[in-house]
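Asker: Questions regarding the structure given below will be posed in turn.
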Amino acid sequence: MPAYTLRIRRYDPQSGEAAYWDEHTVELGERNSVLDAILKVRDEVDGSVGIRCSCQQAICGSCGVRMNGKPGLACNTHLQQAADRGHGADWNPPADGEYNDVITVEPMGNMPVIRDLIVDMDAVHWKKIQRVTPWLLNQQPVPEREYIVPHENMVDITQSMACIQCGACVSDCLSMEIDPLFIGPAALAKAYRFVGDPRDADHYERLKDLSEDEHGLYDCTHCFNCIDACPKDVAPMSQIMRLRRKAGSDHEIKDRNNGYRHEHAFVQNVRRNGLLHEADLLPDSYGGKFHPRAVPELLSSLPTAATALARRKMTVTKVLTHPHKAPKQVKQIFDTIEGQEKRVELNLYVTGYEDEPESPSESEQS
Amino acid sequence: MKVAYWPGCVSRGFTPELHGSMAQVAPLLDIELIELDRAACCGAGVIAEHNQELADTLNARTFALAQQTEGELMMNICSTCQGAQSECQERLDANTEYRESINAHLSDEGLRYDKGLTNKNFLWLLVEEIGLDTLKTKVKRPLTDLKVGPFYGCYIVRPVERLGVDEEHPRDLYLHMVIEALGGTVIDYAGVYKCCGFPIITMNKHASLGMAGRHLGDAVDAEADCLVVPCPLCHLNLDLQQPAAAKVVGRELGMPVLHLPQLVGLALGLSPKELGMNKHVVRPTSVVDWSTSVVAATAA
């Protein structure tokens, strides 16, 4: 039976002591879970190791931790799988070329630690979930019998409904790391669950609220960490993009954070020029060169622009004119697609991949 | 090898030194660039968040143009293009009916995208097509004593499945490998796989510059001489905006940031000026102590 070195980050904020690494050798099969190893240490060596867990079936969402630097559920991560993750987390691999059997286990990030591997989900994750009004606001009048919902609408929100609230996406959200007030990936994915539900009456109000919040819809920095972190393929960032499509394209909500204006300016810029003309994009994202909102922004950007001009990174001619113009075929593509009555979207979570034998739900069952 | 070459927008806009340095480096690596000059912007994820079908069609058009060339594959020099195009290609390749509906938008121009294009960032091409052993043989001036921090950003390493990061293709270590192959020293620091913040610069400038400033500061603390990036948008936030980022994080930074072709070009014997390094806001030639590096021979 293989042996793994489990390095658990121990910390008790009540104690006044600094955090430290606690190392244990655990003999378990490579397909045993990281949670099996943690529980073995707790049961056989040190009963004080703090870990929150329950179902051990990847459905209760309790045992979210970071394993060799990457977040996930301890109960559905095999020991060898966790050990293999080490390669990206540590350049300077062992000289013998054998990647090691060390698995570091840390509490999730972006949330305060209560003890050892237990984080305070109430202080961050659940507060943010509550922020998005996570319940259905019925269309009125309520029908006498059940609501009849088109199948495709329910399929559309299946992916966001798969969330088990484990907090893995929150743990590694890079926007939240710098802006703790960001509503975050889990709560925004939850918001899509209702914005995509035809029984909900408040789609516009929900989208307006999330767009106007300066830590809301437009605070996501497209880092894709939440997509890789999610053990249930919810792809929170994809749900955030769907919220943006609904807010910007369907409802044209002109938020105070420039989310809509930036997107609109970008699309029009490419339609006009084929290749992006960055010098126009900045002022247009604030409503145009002479818009009152743009003036302070442009003034604050002057030192940056001056340096770029001085270094010939850009030239006055390049700022004022753009050598590229979109070919007429590109403009035609914009006109045809933008002129369609309904936006077309392909959700691969729902449709699957033609050449792929297993859908996400099938692989979970196996 | 011949490649259908997609330089993207920013390398011909605010980071002209990237396009220029790639043109200098390509012949030294026996790469023949067939530039896709009729193709349009990849959308950088922004067009996709406006209208997915529109982004998919624009990129299908670029792929179709690439397939019309003699290039063995398509190559880009921008992580954001790589990520945005990989996302579109994933949908196009996954569903015949959808692909055909997108191709219908291209038919007036006589274009058609056939499933299965290979589209690689210059970094991937360096490791997977040219190979590190060949690269090493071409090094004329090893980057001895140059301590380089890799900055991958987001679009070229995540999501891992879509970007093909696996045991056989450890693409999340390729910058590390290239730095070592060129004779440099890899500096590990907290920001290696973090986001530069550029995508939110117009929506939340403070957070955006805070991200850039934090990672640059971490690289300073780890005593890196410079960073290397495979993405011109990361370069904009880390170099062009560096003075503003320094103000946000309240510390001096002065960290030079090199485009990948510039780092490769230095080792292949080109001078910093030929590689457009004088166009940077944080001038590598004035900040790096070249006297301890073999590069000093040409920098002088």
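Naming works like this for the structure tokens: A, B, ... for the chains as they're shown, residue 1 at the start of each chain, ligands 1 onward in shown order.
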Considering only C-alpha atoms, return as a PyMOL selection string whatever protein or nucleic-acid residues lie within 7 Å of Leu79 of chain A, sequence-local ones (same chain, fewer than 3 positions apart) excluded.

Answerer: chain A and resi 30-34+82-83

Asker: Segment 56-171 of chain B near segment 191-195 of chain B within 12 Å: what's each residue's closest atom pair and its distance in Å to one decimal, counting only C-alpha atoms, ordered by chain then ascending residue number, as a tab-separated table?

Answerer:
```
residue	atom	partner	partner_atom	distance
B:Ser79	CA	B:Cys195	CA	12.0
B:Thr80	CA	B:Cys195	CA	11.7
B:Val148	CA	B:Val192	CA	11.0
B:Gly149	CA	B:Val192	CA	7.3
B:Pro150	CA	B:Val192	CA	5.8
B:Phe151	CA	B:Val192	CA	4.8
B:Tyr152	CA	B:Tyr193	CA	5.5
B:Gly153	CA	B:Cys195	CA	5.1
B:Cys154	CA	B:Cys195	CA	5.9
B:Tyr155	CA	B:Cys195	CA	9.2
B:Ile156	CA	B:Tyr193	CA	9.9
B:Val157	CA	B:Tyr193	CA	8.1
B:Arg158	CA	B:Tyr193	CA	9.5
B:Arg171	CA	B:Tyr193	CA	11.9
```

Asker: Please provide as an MDAnalysis selection string all residues within 12 Å of Tyr286 of chain A, with the sequence filter that same-chain residues fewer than 2 positions apart are discarded (counting only C-alpha atoms).

Answerer: (chainID A and resid 254:266 280:284 288:298) or (chainID B and resid 201:203)

Asker: Atoms to include: N, CA and C atoms. Write the selected residues as a compact mmCIF listing (two decimals), in the first residue's frame.

Answerer:
```
# COMPACT_ATOMS: atom_id res chain seq x y z
N LYS A 254 -27.82 50.27 -18.61
CA LYS A 254 -26.63 51.13 -18.65
C LYS A 254 -26.18 51.42 -17.22
N ASP A 255 -25.34 50.53 -16.71
CA ASP A 255 -24.91 50.60 -15.32
C ASP A 255 -23.88 51.69 -15.08
N ARG A 256 -23.74 52.07 -13.83
CA ARG A 256 -22.79 53.14 -13.49
C ARG A 256 -21.33 52.66 -13.46
N ASN A 257 -21.13 51.35 -13.60
CA ASN A 257 -19.75 50.82 -13.57
C ASN A 257 -19.12 50.75 -14.95
N ASN A 258 -19.82 51.20 -15.96
CA ASN A 258 -19.34 51.18 -17.35
C ASN A 258 -19.30 49.79 -17.97
N GLY A 259 -19.91 48.83 -17.32
CA GLY A 259 -19.93 47.47 -17.88
C GLY A 259 -20.61 47.45 -19.25
N TYR A 260 -21.81 47.98 -19.31
CA TYR A 260 -22.55 47.99 -20.58
C TYR A 260 -21.81 48.85 -21.61
N ARG A 261 -21.39 50.05 -21.18
CA ARG A 261 -20.76 50.98 -22.13
C ARG A 261 -19.47 50.38 -22.72
N HIS A 262 -18.70 49.72 -21.87
CA HIS A 262 -17.45 49.12 -22.33
C HIS A 262 -17.75 48.04 -23.36
N GLU A 263 -18.69 47.19 -23.03
CA GLU A 263 -19.04 46.10 -23.95
C GLU A 263 -19.57 46.66 -25.27
N HIS A 264 -20.46 47.64 -25.17
CA HIS A 264 -21.05 48.25 -26.35
C HIS A 264 -19.96 48.94 -27.20
N ALA A 265 -19.06 49.67 -26.52
CA ALA A 265 -17.98 50.37 -27.23
C ALA A 265 -17.07 49.37 -27.93
N PHE A 266 -16.78 48.28 -27.26
CA PHE A 266 -15.88 47.25 -27.82
C PHE A 266 -16.49 46.65 -29.08
N ASP A 280 -9.63 54.64 -29.16
CA ASP A 280 -11.04 55.03 -29.11
C ASP A 280 -11.78 54.30 -28.00
N LEU A 281 -11.31 53.09 -27.70
CA LEU A 281 -12.06 52.23 -26.77
C LEU A 281 -12.18 52.86 -25.38
N LEU A 282 -11.09 53.43 -24.90
CA LEU A 282 -11.11 53.97 -23.53
C LEU A 282 -12.15 55.08 -23.39
N PRO A 283 -12.08 56.16 -24.20
CA PRO A 283 -13.11 57.21 -24.03
C PRO A 283 -14.52 56.70 -24.32
N ASP A 284 -14.66 55.83 -25.33
CA ASP A 284 -16.00 55.33 -25.66
C ASP A 284 -16.58 54.49 -24.52
N GLY A 288 -17.86 58.40 -24.42
CA GLY A 288 -17.37 59.28 -25.49
C GLY A 288 -16.42 60.32 -24.94
N LYS A 289 -15.55 60.86 -25.84
CA LYS A 289 -14.46 61.75 -25.40
C LYS A 289 -14.93 62.94 -24.58
N PHE A 290 -16.13 63.46 -24.92
CA PHE A 290 -16.55 64.70 -24.27
C PHE A 290 -17.64 64.48 -23.21
N HIS A 291 -17.88 63.23 -22.90
CA HIS A 291 -18.89 62.93 -21.88
C HIS A 291 -18.33 63.32 -20.51
N PRO A 292 -19.18 63.93 -19.67
CA PRO A 292 -18.68 64.36 -18.34
C PRO A 292 -18.03 63.22 -17.56
N ARG A 293 -18.51 62.01 -17.77
CA ARG A 293 -17.94 60.87 -17.05
C ARG A 293 -16.53 60.55 -17.55
N ALA A 294 -16.31 60.85 -18.83
CA ALA A 294 -15.04 60.47 -19.45
C ALA A 294 -13.91 61.43 -19.06
N VAL A 295 -14.27 62.70 -18.86
CA VAL A 295 -13.24 63.72 -18.68
C VAL A 295 -12.27 63.40 -17.53
N PRO A 296 -12.79 63.14 -16.30
CA PRO A 296 -11.82 62.84 -15.22
C PRO A 296 -11.00 61.59 -15.50
N GLU A 297 -11.63 60.60 -16.14
CA GLU A 297 -10.91 59.35 -16.44
C GLU A 297 -9.79 59.62 -17.43
N LEU A 298 -10.11 60.41 -18.46
CA LEU A 298 -9.10 60.69 -19.49
C LEU A 298 -7.98 61.55 -18.91
N ILE B 201 -10.26 46.91 -16.05
CA ILE B 201 -9.65 48.24 -15.88
C ILE B 201 -10.65 49.39 -16.08
N THR B 202 -11.63 49.21 -16.97
CA THR B 202 -12.60 50.31 -17.15
C THR B 202 -13.77 50.20 -16.17
N MET B 203 -13.94 49.06 -15.52
CA MET B 203 -15.07 48.89 -14.60
C MET B 203 -14.67 49.10 -13.14
```

Asker: Return as a count of residues only the full set of residues in segment 106-192 of chain B whose backbone-based DSSP assignment is alpha helix (DSSP H).

Answerer: 20

Asker: Taking into account only C-alpha atoms, which residue in the set A:Asp12, A:Asp101, A:Asp213, A:Glu278 is nearest to Phe182 of chain A?

Answerer: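 Closest candidate: A:Asp213.
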
Asker: Between B:Val281, B:Leu146, B:Ala64, B:Val228, which one has atoms that come closest to chain A, using only C-alpha atoms?

Answerer: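 Ranked by minimum distance to chain A, first place goes to B:Val281.
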
Asker: Which residue is closest to chain B? Choose from A:Asp22, A:Asp219, A:Asp233, A:Asp335 and count only C-alpha atoms.

Answerer: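 The closest residue to chain B is A:Asp219.
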
Asker: What's around segment 138-140 of chain B at 8 Å? Count only C-alpha atoms, leave out sequence neighbours fewer than 6 positions away in its own chain, and write the answer as an MDAnalysis selection string.

Answerer: chainID B and resid 28:29 182 267:269

Asker: Based on the selection just made, write N, CA, C and O atoms of those residues as a PDB file, in the first residue's frame.

Answerer:
```pdb
ATOM      1  N   LEU B  28      14.795  33.351 -37.119  1.00  0.00           N
ATOM      2  CA  LEU B  28      15.874  32.691 -36.363  1.00  0.00           C
ATOM      3  C   LEU B  28      15.441  31.312 -35.873  1.00  0.00           C
ATOM      4  O   LEU B  28      16.272  30.470 -35.551  1.00  0.00           O
ATOM      5  N   LEU B  29      14.140  31.101 -35.808  1.00  0.00           N
ATOM      6  CA  LEU B  29      13.620  29.798 -35.370  1.00  0.00           C
ATOM      7  C   LEU B  29      13.068  29.001 -36.558  1.00  0.00           C
ATOM      8  O   LEU B  29      12.374  27.994 -36.374  1.00  0.00           O
ATOM      9  N   LEU B 182      16.715  28.849 -22.147  1.00  0.00           N
ATOM     10  CA  LEU B 182      17.457  30.017 -22.641  1.00  0.00           C
ATOM     11  C   LEU B 182      18.617  30.378 -21.715  1.00  0.00           C
ATOM     12  O   LEU B 182      19.331  31.346 -21.949  1.00  0.00           O
ATOM     13  N   ALA B 267      18.150  35.923 -26.125  1.00  0.00           N
ATOM     14  CA  ALA B 267      19.017  34.741 -26.061  1.00  0.00           C
ATOM     15  C   ALA B 267      19.491  34.314 -27.445  1.00  0.00           C
ATOM     16  O   ALA B 267      20.549  33.708 -27.585  1.00  0.00           O
ATOM     17  N   LEU B 268      18.716  34.650 -28.472  1.00  0.00           N
ATOM     18  CA  LEU B 268      19.119  34.274 -29.830  1.00  0.00           C
ATOM     19  C   LEU B 268      20.085  35.296 -30.430  1.00  0.00           C
ATOM     20  O   LEU B 268      20.455  35.190 -31.593  1.00  0.00           O
ATOM     21  N   GLY B 269      20.426  36.309 -29.657  1.00  0.00           N
ATOM     22  CA  GLY B 269      21.469  37.223 -30.092  1.00  0.00           C
ATOM     23  C   GLY B 269      21.003  38.583 -30.551  1.00  0.00           C
ATOM     24  O   GLY B 269      21.817  39.416 -30.949  1.00  0.00           O
TER      25      GLY B 269
END
```

Asker: Please list as a ChimeraX atom specification every residue within 7 Å of Val186 of chain B, counting only C-alpha atoms and excluding residues in the same chain fewer than 2 positions away.

Answerer: /B:147-149,176,179-180,184,188

Asker: Between atom CA of Arg272 of chain A and atom CA of Lys331 of chain A, what is the spacing in Å?

Answerer: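 Computed distance, atom CA of Lys331 of chain A to atom CA of Arg272 of chain A, equals 7.4 Å.
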
Asker: Counting only C-alpha atoms, which of A:Leu188, A:Leu217, A:Val270, A:Val155 gets nearest to Asn347 of chain A?

Answerer: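 Looking at the shortest contact to Asn347 of chain A, the residue is A:Val155.
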
Asker: What lies within 12 Å of Val119 of chain A using only C-alpha atoms, ignoring chain neighbours under 3 positions off, as a VMD selection string?

Answerer: chain A and resid 11 to 13 50 to 52 62 to 66 106 to 116 122 to 126 166 to 168 170 to 171

Asker: Of the residues A:Ile103, A:Leu117, A:Leu28, A:Val350, which is the one nearest to chain B, using only C-alpha atoms?

Answerer: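 Using only C-alpha atoms, chain B sits closest to A:Val350.
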
Asker: Using only C-alpha atoms, pick whichever of B:Ala245, B:Ala66, B:Met22, B:Ala4 has the shortest atom-to-atom distance to chain A.

Answerer: B:Ala245

Asker: Using only C-alpha atoms, which protein or nucleic acid residues come within 10 Å of segment 238-242 of chain A? Drop anything in the same chain fewer than 4 positions from it, and give the result as a ChimeraX atom specification.

Answerer: /A:157,159-160,184-193,195-196,216-218,220,222,224,226-227,234,246-248,345,347 /B:45-46,48-52

Asker: What's the separation between atom CA of Ser300 of chain A and atom CA of Leu181 of chain A, in Å to one decimal place?

Answerer: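 We find that atom CA of Ser300 of chain A and atom CA of Leu181 of chain A lie 24.8 Å from each other.
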
Asker: So the first atom is atom CA of Leu125 of chain B and the second is atom CA of Asp37 of chain B; what is the distance between them in Å, to one decimal place?

Answerer: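 For atom CA of Leu125 of chain B relative to atom CA of Asp37 of chain B, the distance reads 20.6 Å.
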
Asker: Hey, what does DSSP flag as strand (DSSP E or B) within segment 11-170 of chain B? Can you give it to me as a PDB file with N, CA, C and O atoms, in the first residue's frame?

Answerer:
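The result, written out as part.pdb:
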```
ATOM      1  N   GLU B  32       8.094  30.452 -40.713  1.00  0.00           N
ATOM      2  CA  GLU B  32       7.637  31.368 -41.767  1.00  0.00           C
ATOM      3  C   GLU B  32       6.225  31.825 -41.418  1.00  0.00           C
ATOM      4  O   GLU B  32       5.313  31.005 -41.288  1.00  0.00           O
ATOM      5  N   LEU B  33       6.068  33.126 -41.238  1.00  0.00           N
ATOM      6  CA  LEU B  33       4.779  33.670 -40.790  1.00  0.00           C
ATOM      7  C   LEU B  33       3.915  34.058 -41.984  1.00  0.00           C
ATOM      8  O   LEU B  33       4.311  34.906 -42.794  1.00  0.00           O
ATOM      9  N   ILE B  34       2.749  33.441 -42.098  1.00  0.00           N
ATOM     10  CA  ILE B  34       1.790  33.848 -43.138  1.00  0.00           C
ATOM     11  C   ILE B  34       0.704  34.635 -42.415  1.00  0.00           C
ATOM     12  O   ILE B  34      -0.186  34.060 -41.769  1.00  0.00           O
ATOM     13  N   GLU B  35       0.809  35.963 -42.464  1.00  0.00           N
ATOM     14  CA  GLU B  35      -0.057  36.782 -41.619  1.00  0.00           C
ATOM     15  C   GLU B  35      -1.507  36.806 -42.111  1.00  0.00           C
ATOM     16  O   GLU B  35      -1.760  36.990 -43.306  1.00  0.00           O
ATOM     17  N   LEU B  73      -0.205  24.952 -39.150  1.00  0.00           N
ATOM     18  CA  LEU B  73      -1.145  25.213 -38.069  1.00  0.00           C
ATOM     19  C   LEU B  73      -1.297  26.722 -37.938  1.00  0.00           C
ATOM     20  O   LEU B  73      -0.650  27.485 -38.645  1.00  0.00           O
ATOM     21  N   MET B  74      -2.171  27.147 -37.017  1.00  0.00           N
ATOM     22  CA  MET B  74      -2.335  28.584 -36.790  1.00  0.00           C
ATOM     23  C   MET B  74      -1.573  28.939 -35.516  1.00  0.00           C
ATOM     24  O   MET B  74      -1.609  28.181 -34.542  1.00  0.00           O
ATOM     25  N   MET B  75      -0.873  30.077 -35.545  1.00  0.00           N
ATOM     26  CA  MET B  75      -0.119  30.496 -34.360  1.00  0.00           C
ATOM     27  C   MET B  75      -0.550  31.904 -33.953  1.00  0.00           C
ATOM     28  O   MET B  75      -0.763  32.756 -34.812  1.00  0.00           O
ATOM     29  N   ASN B  76      -0.684  32.116 -32.643  1.00  0.00           N
ATOM     30  CA  ASN B  76      -0.995  33.457 -32.143  1.00  0.00           C
ATOM     31  C   ASN B  76       0.087  33.878 -31.157  1.00  0.00           C
ATOM     32  O   ASN B  76       0.875  33.045 -30.702  1.00  0.00           O
ATOM     33  N   ASN B 119      -4.513  25.461 -33.217  1.00  0.00           N
ATOM     34  CA  ASN B 119      -4.213  26.875 -32.974  1.00  0.00           C
ATOM     35  C   ASN B 119      -3.338  26.960 -31.734  1.00  0.00           C
ATOM     36  O   ASN B 119      -3.772  26.626 -30.639  1.00  0.00           O
ATOM     37  N   LYS B 120      -2.078  27.356 -31.912  1.00  0.00           N
ATOM     38  CA  LYS B 120      -1.156  27.360 -30.779  1.00  0.00           C
ATOM     39  C   LYS B 120      -0.538  28.733 -30.545  1.00  0.00           C
ATOM     40  O   LYS B 120      -0.080  29.380 -31.484  1.00  0.00           O
ATOM     41  N   ASN B 121      -0.498  29.108 -29.293  1.00  0.00           N
ATOM     42  CA  ASN B 121       0.260  30.291 -28.902  1.00  0.00           C
ATOM     43  C   ASN B 121       1.742  30.016 -29.174  1.00  0.00           C
ATOM     44  O   ASN B 121       2.189  28.870 -29.142  1.00  0.00           O
ATOM     45  N   LYS B 147      17.402  36.645 -13.724  1.00  0.00           N
ATOM     46  CA  LYS B 147      16.366  36.002 -12.904  1.00  0.00           C
ATOM     47  C   LYS B 147      14.994  36.437 -13.426  1.00  0.00           C
ATOM     48  O   LYS B 147      14.632  37.616 -13.327  1.00  0.00           O
ATOM     49  N   VAL B 148      14.291  35.473 -14.000  1.00  0.00           N
ATOM     50  CA  VAL B 148      13.052  35.797 -14.715  1.00  0.00           C
ATOM     51  C   VAL B 148      11.841  35.194 -13.997  1.00  0.00           C
ATOM     52  O   VAL B 148      11.798  33.999 -13.726  1.00  0.00           O
ATOM     53  N   GLY B 149      10.862  36.021 -13.734  1.00  0.00           N
ATOM     54  CA  GLY B 149       9.608  35.541 -13.147  1.00  0.00           C
ATOM     55  C   GLY B 149       8.610  35.259 -14.254  1.00  0.00           C
ATOM     56  O   GLY B 149       8.280  36.158 -15.018  1.00  0.00           O
ATOM     57  N   PRO B 150       8.120  34.009 -14.374  1.00  0.00           N
ATOM     58  CA  PRO B 150       7.092  33.745 -15.380  1.00  0.00           C
ATOM     59  C   PRO B 150       5.757  34.324 -14.929  1.00  0.00           C
ATOM     60  O   PRO B 150       5.398  34.188 -13.756  1.00  0.00           O
TER      61      PRO B 150
END
```
